[in-house]
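Notes to accompany the following structure.
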Amino acid sequence: MALKKLMNAPQRLVTAVIASALCMCLPASLLTAAGAEKNPKPEDVVERTILAYGSRAALYGIQRNGTLRALIKFITPEGAREGKSVTKFIRKEKLADDLLMIDLELPGTRYTIGFDGNETWAIQDGEIQQPTAEAVAAFRSAHEHGYEALLRYKENGSKLEYAGMNKFGTLEMDIIDLIAPNGARTRYEISRRTGRILYANYEDKTASKPEPVKYRLYFKDFRPIQNTLVPYEIQVFQDGKLVEERKLVESVFNVQLDEKAFKAENANKPADAAIKL
């Protein structure tokens with residue numbers, strides 16, 4: 001399958017997997033206090049979730065930067081393709097200013113895309129190139145609608161709306177809509193019992209399709225990492241169909257990362273090329 005075809009799916013690069021944290025030892029009474037209300041304030045729900053994810057201090061301290069390595073599978077009508085990805089990031093005050101680089105390795109193809117604080121660039125099989133407008137939009141959108149955006153709502157100047165409650169068996173979830181300053185909207189479903197974000201839902205409009213594409217991300221397999229909790233598995237659904245699975249094999253935060261490494265000319269150096277999982 002051509003790389004261009006790959007980039008048309010939500011996986012189009014995908015791994016806006018920038019992890020967020022979850023505190024493992026908060027008492028259940030604290031996590032359920034706000035959720036027990038019939039119509040809680042959205043700020044109360046999200047602030048409780050931020051505490052569950054390790055607190056705001058952890059997000060901006062421990063997770064100020066990091067490297068995430070994952071196994072990734074793309075499911076298409078032609079069959080599944082499996083590969084590896086490495087995501088590196090440096091958080092800034094605003095989500096839109098974060099430095100971000102995703103290196104995707106598939107059989108016969110290697111693709112890297114990054115944002116250096118000024119522009120989005122791409123490297124395909126060792127050759128620096130200008131990414132298409134659609135690839136840039138997908139790359140930015142995946143980051144903008146990630147679950148960490150909800151945890152950073154106040155710093156980003158986003159608005160919150162409470163949209164009700166879902167119940168599946170004994171599982172109760174508060175539904176929160178996040179409206180970014182640019183108008184982008186993401187709907188999150190949060191467990192009342194644990195405070196974990198289980199689902200993120202959003203729509204993307206593309207020039208190639210008359211109707212917006214609906215995405216649903218499912219987060220699971222939370223694990224303790226550096227006093228935070230990280231979802232090690234993410235499933236991506238496009239218009240109701242499973243199109244991507246990501247499984248982290250390593251996540252490390254608060255490491256030495258040079259901002260110069262997010263420049264295309266530096267990312268293309270052979271010394272940085274190997275992906276080891």
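Note on naming: chains are A, B, ... as they come in the structure tokens, residues start from 1 per chain, ligands start from 1 in the order shown.
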I'd like to know which residues of stretch 36-234 of chain A are strand (DSSP E) (by DSSP, run on the backbone); could you write them as a VMD selection string? chain A and resid 65 to 76 79 to 90 99 to 106 109 to 115 120 to 124 127 to 129 159 to 168 171 to 179 185 to 191 197 to 204 213 to 225 228 to 234
Where does DSSP see helix (DSSP H, G or I) in stretch 27-164 of chain A, if you list the residues as an MDAnalysis selection string? chainID A and resid 28:33 42:52 56:64 95:97 133:144 148:151 153:156
How close does each residue of stretch 42-155 of chain A get to stretch 186-202 of chain A, giving the shortest atom pair and distance in Å to one decimal for every residue with an atom at most 9 Å away, counting only C-alpha atoms, sorted by chain and residue number, as CSV?
residue,atom,partner,partner_atom,distance
A:Val45,CA,A:Gly195,CA,8.1
A:Val46,CA,A:Gly195,CA,8.4
A:Arg48,CA,A:Gly195,CA,6.7
A:Thr49,CA,A:Gly195,CA,4.7
A:Ile50,CA,A:Gly195,CA,8.2
A:Leu51,CA,A:Gly195,CA,8.4
A:Ala52,CA,A:Gly195,CA,5.8
A:Tyr53,CA,A:Arg196,CA,7.4
A:Glu144,CA,A:Thr186,CA,8.8
A:His145,CA,A:Thr186,CA,6.1
A:Gly146,CA,A:Ala200,CA,7.4
A:Tyr147,CA,A:Ala200,CA,6.7
A:Leu150,CA,A:Tyr188,CA,8.1
Write the residues you've just listed into a file as a PDB file, in the first residue's frame, and include C-alpha atoms for each of them.
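Final output, saved to again.pdb:
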ATOM      1  CA  VAL A  45     -15.391  16.889  36.960  1.00  0.00           C
ATOM      2  CA  VAL A  46     -12.257  17.830  35.044  1.00  0.00           C
ATOM      3  CA  ARG A  48     -11.069  15.790  39.774  1.00  0.00           C
ATOM      4  CA  THR A  49      -9.774  14.042  36.654  1.00  0.00           C
ATOM      5  CA  ILE A  50      -6.598  16.121  36.680  1.00  0.00           C
ATOM      6  CA  LEU A  51      -5.984  14.977  40.255  1.00  0.00           C
ATOM      7  CA  ALA A  52      -6.541  11.383  39.181  1.00  0.00           C
ATOM      8  CA  TYR A  53      -3.962  11.841  36.411  1.00  0.00           C
ATOM      9  CA  GLU A 144      -5.413  18.945  19.456  1.00  0.00           C
ATOM     10  CA  HIS A 145      -8.010  16.261  20.245  1.00  0.00           C
ATOM     11  CA  GLY A 146      -5.812  14.046  22.428  1.00  0.00           C
ATOM     12  CA  TYR A 147      -6.941  13.452  25.997  1.00  0.00           C
ATOM     13  CA  LEU A 150      -8.664  18.145  28.490  1.00  0.00           C
TER      14      LEU A 150
END
Selection near A:Ser251, 8 Å with only C-alpha atoms, sequence-local residues under 6 positions removed, as a tab-separated table (two decimals) with N, CA and C atoms, in the first residue's frame:
chain	number	residue	atom	x	y	z
A	66	GLY	N	9.10	14.02	26.84
A	66	GLY	CA	9.15	12.56	26.92
A	66	GLY	C	9.35	11.87	25.58
A	67	THR	N	9.55	10.57	25.68
A	67	THR	CA	9.69	9.70	24.52
A	67	THR	C	8.78	8.49	24.71
A	68	LEU	N	7.96	8.22	23.71
A	68	LEU	CA	7.01	7.11	23.76
A	68	LEU	C	7.29	6.18	22.59
A	69	ARG	N	7.50	4.90	22.88
A	69	ARG	CA	7.74	3.92	21.83
A	69	ARG	C	6.58	2.94	21.80
A	225	ILE	N	3.60	4.86	35.60
A	225	ILE	CA	4.88	5.28	35.02
A	225	ILE	C	5.32	6.58	35.71
Which is closest to A:Val213 among A:Ala122, A:Ile90, A:Ile75, A:Ala138, if we use only C-alpha atoms?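 When distances to A:Val213 are compared using only C-alpha atoms, the smallest one comes from A:Ala138.
Atom CA of A:Ala58 sits 23.5 Å away from atom CA of A:Lys41.
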List the spatial neighbours of A:Glu203 as number ranges by chain - criterion: any atom at most 9 Å away, only C-alpha atoms, same-chain residues fewer than 2 positions off excluded. A: 184-186, 201, 205, 212-216
Could you check the closest approach to A:Arg140 for each of A:Ile179, A:Leu257, A:Leu95, A:Ala80 and tell me which residue wins, using only C-alpha atoms? A:Leu95
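Coordinates place atom CA of A:Ile72 at a distance of 7.3 Å from atom CA of A:Glu244.
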